[in-house]
>>> print(open('upload-v5.csv').read())   # CSV, C-alpha atoms and all ligand atoms
chain,number,residue,atom,x,y,z
A,15,MET,CA,0.0,0.0,0.0
A,16,TYR,CA,1.3,3.5,-0.8
A,17,THR,CA,2.0,5.8,2.1
A,18,TYR,CA,2.5,9.5,1.4
A,19,VAL,CA,5.8,10.8,2.8
A,20,PRO,CA,6.6,14.4,2.1
A,21,THR,CA,9.7,15.1,0.1
A,22,LEU,CA,12.1,17.9,0.8
A,23,THR,CA,10.4,19.9,-2.0
A,24,ASP,CA,7.0,19.3,-0.6
A,25,TYR,CA,8.2,20.4,2.8
A,26,LEU,CA,9.8,23.6,1.5
A,27,LEU,CA,6.7,24.5,-0.5
A,28,HIS,CA,4.5,23.8,2.6
A,29,GLU,CA,6.8,26.2,4.6
A,30,GLN,CA,6.7,28.8,1.9
A,31,ARG,CA,2.9,28.9,2.1
A,32,ARG,CA,3.1,30.0,5.7
A,33,PHE,CA,4.4,33.4,4.5
A,34,ASN,CA,1.9,35.4,2.5
A,35,ASN,CA,4.5,37.5,0.7
A,36,ALA,CA,7.0,34.7,0.0
A,37,SER,CA,8.5,35.1,-3.5
A,38,GLY,CA,9.7,31.5,-3.7
A,39,SER,CA,13.3,32.7,-3.8
A,40,PHE,CA,14.3,30.7,-0.7
A,41,THR,CA,12.7,27.6,-2.0
A,42,THR,CA,14.5,27.9,-5.3
A,43,LEU,CA,17.8,28.4,-3.5
A,44,MET,CA,17.3,25.3,-1.3
A,45,ALA,CA,16.3,23.3,-4.4
A,46,GLN,CA,19.6,24.3,-6.0
A,47,ILE,CA,21.5,23.2,-2.9
A,48,GLU,CA,19.5,19.9,-2.9
A,49,ASN,CA,20.4,19.2,-6.5
A,50,ALA,CA,24.1,20.0,-6.1
A,51,THR,CA,24.4,17.8,-3.0
A,52,LYS,CA,22.6,14.9,-4.8
A,53,ILE,CA,25.3,15.1,-7.5
A,54,ILE,CA,28.0,15.2,-4.9
A,55,ALA,CA,26.4,12.2,-3.2
A,56,SER,CA,26.6,10.2,-6.4
A,57,HIS,CA,30.3,11.0,-6.8
A,58,VAL,CA,31.1,10.2,-3.1
A,59,LYS,CA,29.4,6.8,-3.6
A,60,GLU,CA,31.8,6.0,-6.4
A,61,SER,CA,34.9,7.4,-4.8
A,62,GLY,CA,36.1,3.8,-3.9
A,63,LEU,CA,36.2,3.0,-7.6
A,64,VAL,CA,38.7,5.7,-8.4
A,65,ASP,CA,41.7,3.4,-8.2
A,66,ILE,CA,40.4,0.3,-10.0
A,67,LEU,CA,38.8,2.3,-12.8
A,68,GLY,CA,42.1,4.0,-13.5
A,69,LYS,CA,41.0,7.4,-12.4
A,70,THR,CA,43.9,8.3,-10.2
A,71,GLY,CA,45.7,10.3,-12.8
A,72,THR,CA,44.3,13.6,-14.1
A,73,VAL,CA,42.4,11.9,-17.0
A,74,ASN,CA,39.7,9.3,-16.6
A,75,SER,CA,38.7,6.5,-18.9
A,76,PHE,CA,36.4,8.9,-20.8
A,77,GLY,CA,39.3,11.2,-21.4
A,78,GLU,CA,37.9,13.8,-19.0
A,79,GLU,CA,40.0,15.5,-16.5
A,80,VAL,CA,39.5,14.0,-13.0
A,81,GLN,CA,39.3,16.3,-10.1
A,82,LYS,CA,39.7,15.5,-6.5
A,83,LEU,CA,36.3,15.1,-4.9
A,84,ASP,CA,36.6,18.2,-2.7
A,85,GLU,CA,37.6,20.3,-5.7
A,86,PHE,CA,34.8,18.9,-7.8
A,87,SER,CA,32.3,19.5,-5.0
A,88,ASN,CA,33.5,23.1,-4.5
A,89,LYS,CA,33.3,23.9,-8.2
A,90,LEU,CA,29.8,22.4,-8.5
A,91,MET,CA,28.5,24.4,-5.5
A,92,VAL,CA,30.1,27.7,-6.6
A,93,GLU,CA,28.8,27.4,-10.2
A,94,THR,CA,25.3,26.2,-9.1
A,95,LEU,CA,24.9,29.0,-6.6
A,96,THR,CA,26.4,31.9,-8.4
A,97,ASN,CA,24.2,31.2,-11.5
A,98,CYS,CA,20.9,30.3,-9.9
A,99,GLY,CA,19.7,33.9,-9.7
A,100,GLU,CA,19.1,33.9,-5.9
A,101,VAL,CA,22.6,34.5,-4.6
A,102,TYR,CA,24.5,37.7,-4.1
A,103,ALA,CA,27.8,36.1,-2.9
A,104,ILE,CA,29.1,32.8,-1.7
A,105,VAL,CA,31.9,32.0,0.7
A,106,SER,CA,33.5,28.6,0.4
A,107,GLU,CA,35.8,27.0,2.8
A,108,GLU,CA,37.9,26.0,-0.2
A,109,VAL,CA,38.3,29.6,-1.5
A,110,ALA,CA,40.2,32.4,0.2
A,111,GLU,CA,37.9,35.2,-1.1
A,112,PRO,CA,34.2,35.6,-1.5
A,113,VAL,CA,32.8,34.9,-5.0
A,114,TYR,CA,30.1,37.3,-6.3
A,115,SER,CA,27.4,36.2,-8.7
A,116,PRO,CA,27.5,37.9,-12.1
A,117,LYS,CA,25.3,41.0,-12.1
A,118,GLU,CA,22.7,39.5,-14.3
A,119,HIS,CA,22.2,36.5,-11.9
A,120,SER,CA,22.6,38.4,-8.6
A,121,GLY,CA,20.1,37.7,-5.9
A,122,ASN,CA,19.3,38.5,-2.2
A,123,TYR,CA,21.1,35.7,-0.3
A,124,ILE,CA,24.6,35.0,0.9
A,125,VAL,CA,25.6,31.4,1.2
A,126,TYR,CA,28.5,30.2,3.3
A,127,PHE,CA,29.4,26.5,2.7
A,128,ASP,CA,32.0,23.8,3.2
A,129,PRO,CA,31.5,21.7,0.1
A,130,LEU,CA,33.0,18.5,1.5
A,131,ASP,CA,33.8,18.7,5.2
A,132,GLY,CA,36.0,15.9,6.6
A,133,SER,CA,37.4,15.2,3.2
A,134,SER,CA,40.5,13.6,4.7
A,135,ASN,CA,38.2,10.7,5.5
A,136,ILE,CA,37.3,9.9,1.9
A,137,ASP,CA,39.9,7.2,1.6
A,138,THR,CA,38.6,5.4,4.6
A,139,ASN,CA,34.9,5.4,3.7
A,140,CYS,CA,33.9,7.4,6.8
A,141,PRO,CA,30.9,9.7,6.5
A,142,ILE,CA,31.7,13.2,5.1
A,143,GLY,CA,29.3,16.0,4.2
A,144,THR,CA,28.4,19.4,2.9
A,145,ILE,CA,27.6,22.2,5.4
A,146,PHE,CA,25.7,25.4,4.4
A,147,SER,CA,24.7,28.6,6.1
A,148,ILE,CA,22.4,31.2,4.5
A,149,TYR,CA,22.0,34.9,5.2
A,150,TYR,CA,20.0,37.7,3.7
A,151,LYS,CA,22.1,40.2,1.8
A,152,ASN,CA,22.7,43.2,4.1
A,153,GLY,CA,24.4,45.9,1.9
A,154,ASP,CA,27.9,44.7,1.2
A,155,ASN,CA,28.4,43.2,4.6
A,156,LEU,CA,29.3,39.5,4.5
A,157,LEU,CA,30.3,39.4,8.2
A,158,GLN,CA,27.0,38.9,9.9
A,159,LYS,CA,26.5,37.3,13.3
A,160,GLY,CA,25.3,33.7,13.4
A,161,PHE,CA,22.0,34.9,14.9
A,162,GLU,CA,21.3,36.5,11.5
A,163,GLN,CA,21.3,33.1,9.7
A,164,VAL,CA,18.1,32.5,7.7
A,165,ALA,CA,18.8,28.8,7.4
A,166,ALA,CA,21.6,26.3,8.1
A,167,GLY,CA,22.1,22.6,7.4
A,168,TYR,CA,24.2,19.8,6.3
A,169,VAL,CA,24.1,16.8,4.0
A,170,ILE,CA,25.8,13.7,5.3
A,171,TYR,CA,27.1,11.2,2.8
A,172,GLY,CA,27.0,8.1,5.1
A,173,SER,CA,25.4,4.7,5.0
A,174,SER,CA,22.4,6.8,4.0
A,175,VAL,CA,22.5,10.3,2.5
A,176,MET,CA,20.6,12.7,4.7
A,177,PHE,CA,19.7,16.4,4.3
A,178,VAL,CA,19.2,18.1,7.7
A,179,TYR,CA,18.3,21.7,8.0
A,180,THR,CA,16.7,24.4,10.0
A,181,CYS,CA,15.3,27.8,9.1
A,182,GLY,CA,14.6,28.7,12.7
A,183,ASN,CA,11.5,26.6,13.1
A,184,GLY,CA,13.0,23.4,14.4
A,185,VAL,CA,15.3,20.9,12.7
A,186,ASN,CA,14.1,18.3,10.1
A,187,GLY,CA,15.9,15.5,8.5
A,188,PHE,CA,15.3,14.0,5.0
A,189,THR,CA,16.8,10.7,3.8
A,190,LEU,CA,17.6,10.1,0.2
A,191,ASP,CA,15.6,7.4,-1.4
A,192,PRO,CA,18.1,6.3,-4.0
A,193,SER,CA,15.5,4.4,-6.1
A,194,VAL,CA,13.6,7.6,-6.9
A,195,GLY,CA,16.3,10.3,-6.1
A,196,SER,CA,14.1,12.2,-3.6
A,197,PHE,CA,14.9,13.3,-0.1
A,198,LEU,CA,12.0,12.0,2.1
A,199,LEU,CA,11.1,13.4,5.5
A,200,SER,CA,12.4,10.7,7.8
A,201,HIS,CA,13.4,12.7,11.0
A,202,ARG,CA,10.6,15.2,11.8
A,203,ASN,CA,11.4,17.8,14.4
A,204,MET,CA,14.8,16.4,15.6
A,205,ILE,CA,15.5,17.0,19.3
A,206,ILE,CA,18.9,16.4,21.0
A,207,PRO,CA,18.3,14.4,24.1
A,208,ASP,CA,18.9,16.5,27.3
A,209,SER,CA,21.8,14.4,28.2
A,210,GLY,CA,23.9,11.6,26.6
A,211,LYS,CA,26.8,9.3,27.4
A,212,ILE,CA,29.0,10.0,24.5
A,213,TYR,CA,31.8,12.6,24.4
A,214,SER,CA,33.6,13.5,21.2
A,215,ILE,CA,36.9,15.3,21.2
A,216,ASN,CA,40.4,14.8,19.8
A,217,GLU,CA,41.9,13.4,23.0
A,218,ALA,CA,45.3,13.2,21.4
A,219,TYR,CA,45.5,17.0,22.1
A,220,GLU,CA,44.7,16.6,25.8
A,221,ASN,CA,48.1,18.0,27.0
A,222,LEU,CA,47.4,21.1,24.9
A,223,TYR,CA,44.0,21.9,26.5
A,224,ASP,CA,43.2,24.3,29.3
A,225,ASP,CA,43.0,23.0,32.9
A,226,GLY,CA,39.2,23.0,33.0
A,227,THR,CA,38.9,20.8,29.9
A,228,LYS,CA,41.6,18.4,31.2
A,229,LYS,CA,39.7,18.1,34.6
A,230,TYR,CA,36.4,17.5,32.7
A,231,LEU,CA,38.0,14.7,30.7
A,232,ALA,CA,39.5,13.2,33.8
A,233,HIS,CA,36.1,13.4,35.5
A,234,LEU,CA,34.4,11.6,32.6
A,235,LYS,CA,37.0,8.8,32.7
A,236,LYS,CA,37.0,8.5,36.5
A,237,GLU,CA,33.2,7.9,36.5
A,238,GLY,CA,33.5,5.3,33.8
A,239,LYS,CA,29.9,6.0,32.6
A,240,SER,CA,30.9,7.7,29.4
A,241,LYS,CA,31.8,6.4,25.9
A,242,ALA,CA,34.3,8.1,23.7
A,243,ARG,CA,33.6,8.5,20.0
A,244,TYR,CA,35.5,10.6,17.6
A,245,VAL,CA,35.4,10.2,13.8
A,246,GLY,CA,37.3,13.4,13.0
A,247,SER,CA,34.6,14.4,10.6
A,248,LEU,CA,32.4,17.1,12.1
A,249,ILE,CA,29.3,16.0,10.2
A,250,ALA,CA,29.6,12.4,11.4
A,251,ASP,CA,30.4,13.4,15.0
A,252,MET,CA,27.6,16.0,15.1
A,253,HIS,CA,25.0,13.8,13.3
A,254,ARG,CA,25.6,11.2,16.0
A,255,THR,CA,25.2,13.9,18.7
A,256,PHE,CA,21.9,15.0,17.3
A,257,ILE,CA,20.6,11.4,17.3
A,258,LYS,CA,22.1,10.0,20.5
A,259,GLY,CA,22.9,13.1,22.5
A,260,GLY,CA,26.2,13.7,24.3
A,261,ILE,CA,28.8,16.4,23.7
A,262,PHE,CA,31.1,17.4,20.9
A,263,LEU,CA,34.2,19.6,21.7
A,264,TYR,CA,36.7,21.3,19.6
A,265,PRO,CA,38.1,23.7,22.2
A,266,ALA,CA,41.0,26.1,21.9
A,267,ASP,CA,44.4,24.5,22.5
A,268,LYS,CA,48.0,25.7,22.9
A,269,LYS,CA,48.7,25.2,19.2
A,270,GLN,CA,45.3,26.5,18.0
A,271,PRO,CA,44.3,29.3,20.3
A,272,GLU,CA,41.2,30.0,18.2
A,273,GLY,CA,40.4,26.3,17.8
A,274,LYS,CA,40.3,24.8,14.3
A,275,LEU,CA,36.8,25.0,13.1
A,276,ARG,CA,35.6,28.0,11.0
A,277,LEU,CA,33.1,30.3,12.7
A,278,MET,CA,31.0,31.0,9.7
A,279,LEU,CA,31.4,27.8,7.8
A,280,GLU,CA,31.3,25.1,10.5
A,281,VAL,CA,30.6,26.5,14.0
A,282,ASN,CA,27.6,28.8,13.4
A,283,PRO,CA,25.6,26.4,11.2
A,284,PHE,CA,26.0,23.6,13.7
A,285,ALA,CA,25.4,26.0,16.7
A,286,PHE,CA,22.2,27.2,15.1
A,287,LEU,CA,21.1,23.6,14.4
A,288,ALA,CA,22.0,22.4,17.9
A,289,GLN,CA,20.1,25.3,19.5
A,290,GLU,CA,17.1,24.7,17.3
A,291,ALA,CA,17.1,21.0,18.3
A,292,GLY,CA,17.0,22.0,22.0
A,293,GLY,CA,20.7,21.5,22.6
A,294,LYS,CA,23.3,24.0,23.7
A,295,ALA,CA,26.4,25.5,22.0
A,296,ILE,CA,29.1,27.6,23.5
A,297,SER,CA,32.4,29.1,22.3
A,298,LYS,CA,34.9,30.5,24.9
A,299,LEU,CA,33.4,30.1,28.4
A,300,ASP,CA,29.7,30.8,28.2
A,301,LYS,CA,29.7,32.8,25.0
A,302,ASN,CA,27.1,31.9,22.4
A,303,PRO,CA,29.0,31.6,19.1
A,304,LEU,CA,25.9,33.0,17.3
A,305,ASP,CA,26.6,36.3,19.1
A,306,ILE,CA,30.2,36.7,17.9
A,307,VAL,CA,30.8,39.5,15.4
A,308,PRO,CA,33.1,38.0,12.8
A,309,LYS,CA,36.1,40.0,11.7
A,310,HIS,CA,37.0,37.8,8.7
A,311,ILE,CA,35.1,35.3,6.6
A,312,HIS,CA,37.5,32.6,7.6
A,313,ASP,CA,37.7,33.3,11.3
A,314,ARG,CA,37.9,30.3,13.6
A,315,SER,CA,36.3,29.7,16.9
A,316,PRO,CA,36.3,27.1,19.7
A,317,ILE,CA,33.0,25.2,19.9
A,318,ILE,CA,31.5,22.9,22.5
A,319,MET,CA,27.9,21.7,21.7
A,320,GLY,CA,25.4,19.0,22.2
A,321,SER,CA,23.1,17.9,25.0
A,322,LYS,CA,22.2,20.8,27.4
A,323,ASP,CA,23.2,18.9,30.6
A,324,ASN,CA,26.5,17.7,29.2
A,325,VAL,CA,27.5,21.2,28.0
A,326,ASP,CA,26.5,22.7,31.4
A,327,GLU,CA,28.5,20.0,33.2
A,328,TYR,CA,31.5,20.9,31.0
A,329,LEU,CA,31.0,24.6,31.9
A,330,SER,CA,31.0,23.8,35.6
A,331,PHE,CA,34.6,22.7,35.2
A,332,LEU,CA,35.7,26.0,33.6
A,333,LYS,CA,34.3,28.2,36.3
A,401,LIG,P1,38.4,20.2,7.0
A,401,LIG,O1,37.4,21.2,6.8
A,401,LIG,O2,39.8,20.5,6.6
A,401,LIG,O3,37.9,18.8,6.5
A,401,LIG,O4,38.6,20.0,8.6
A,401,LIG,C1,37.5,20.0,9.5
A,401,LIG,C2,37.5,18.7,10.2
A,401,LIG,C3,36.2,18.5,10.9
A,401,LIG,O5,35.3,17.8,10.1
A,401,LIG,C4,36.6,17.7,12.1
A,401,LIG,O6,35.7,18.0,13.2
A,401,LIG,C5,38.0,18.3,12.4
A,401,LIG,O7,38.5,18.8,11.2
A,401,LIG,C6,38.9,17.3,12.9
A,401,LIG,O8,40.2,17.9,13.3
A,401,LIG,P2,41.3,17.1,14.0
A,401,LIG,O9,41.9,16.1,13.0
A,401,LIG,O10,42.3,18.2,14.4
A,401,LIG,O11,40.7,16.4,15.2
A,402,MG,MG,35.6,21.8,6.9
>>> encode(input="upload-v5.csv", output="structure tokens", more="lines below")
Ligand code: AHM
Ligand code: MG
Amino acid sequence: MYTYVPTLTDYLLHEQRRFNNASGSFTTLMAQIENATKIIASHVKESGLVDILGKTGTVNSFGEEVQKLDEFSNKLMVETLTNCGEVYAIVSEEVAEPVYSPKEHSGNYIVYFDPLDGSSNIDTNCPIGTIFSIYYKNGDNLLQKGFEQVAAGYVIYGSSVMFVYTCGNGVNGFTLDPSVGSFLLSHRNMIIPDSGKIYSINEAYENLYDDGTKKYLAHLKKEGKSKARYVGSLIADMHRTFIKGGIFLYPADKKQPEGKLRLMLEVNPFAFLAQEAGGKAISKLDKNPLDIVPKHIHDRSPIIMGSKDNVDEYLSFLK
């Protein structure tokens, strides 16, 4: 028997109808991101065949130039977004400077994205993904606070492909049905459990962390009630945190005083998602990363996020 399940497109159109004056621009923009990520997903799926099909050189068996997956994903996202008619400028993690849409295609949105986060995991078949964060154009200012985000989300290329996003009205997850090529609403109104057992941090850097973080880790290990999980791919580590709860930490350390993750490309989209899912996100001490005024498009920021109780417990060790 057929059961109706809304697709991502259905859901976006439904949301659009809630706003009387909506022009459809946001829905069009999201459809472009959806399309680009489906193409990236199909390439990620084949990445293991690169060696045996003789695609390791610069030319593949069709005589086409082969790009590394992250370069391919970046080019696809840049070209899709700057030609779709809805975007004023994009900022990609892979490109040092912003790219502006040609005047004839210029629109009202700014899109920050990381085309293939965790790409060092491609060879090992671990989940990787695309992260995006959308703002309204505000004059020429590309440096808006995270609180100004119109929408943020990620697409995880894992055992299933999932499109997870928020536009400030909760978080919803859509799983790709590969047989029809549509994202289907599979995770309605995602909520991070208030507390969880899993902590996720690169513990190899422990000696470089501040005393509060060291004491927190010692406390977790002393109690013996926690589990450690760290893929080293933000999308995988955060997707697990959304589903199972717990805490993800990429704090400052002696070698990386601002942390590693990029404020506008990684930290803010996930902080927005985490807060919309009922979780908590902090930067240095109790600072909400969404409240940081960025100085540069590629600024970095420490980030600790996940289940409320876990983040509060961490904070108690800093104070
Ligand atoms: P990337 O954007 O160069 O792929 O780096 C970001 C990745 C994140 O996905 C992950 O959370 C982090 O780097 C892991 O860093 P580390 O290896 O220092 O633990
Ligand atoms: Mg990244």
>>> closest_residue(input="upload-v5.csv", among="A:Asn186, A:Gln46, A:Thr180, A:Asn135", to="A:Ser147", atoms="all atoms listed in the file")
A:Thr180
>>> closest_residue(input="upload-v5.csv", among="A:Ser330, A:Ser200, A:Asn88, A:Asn97", to="ligand MG 402 (chain A)", atoms="only C-alpha atoms and all ligand atoms")
A:Asn88
>>> atom_distance(input="upload-v5.csv", atom1="atom CA of A:Asp224", atom2="atom CA of A:Ile318")
13.6 Å
>>> closest_residue(input="upload-v5.csv", among="A:Ile257, A:Ile53, A:Ala103, A:Leu198", to="A:Gly293", atoms="only C-alpha atoms")
A:Ile257
>>> residues_near_ligand(input="upload-v5.csv", ligand="ligand MG 402 (chain A)", cutoff="8 Å", atoms="only C-alpha atoms and all ligand atoms", output="ChimeraX atom specification")
/A:107,128-133,248,275-276,279-280
>>> atom_distance(input="upload-v5.csv", atom1="atom CA of A:Leu90", atom2="atom CA of A:Asn49")
10.1 Å
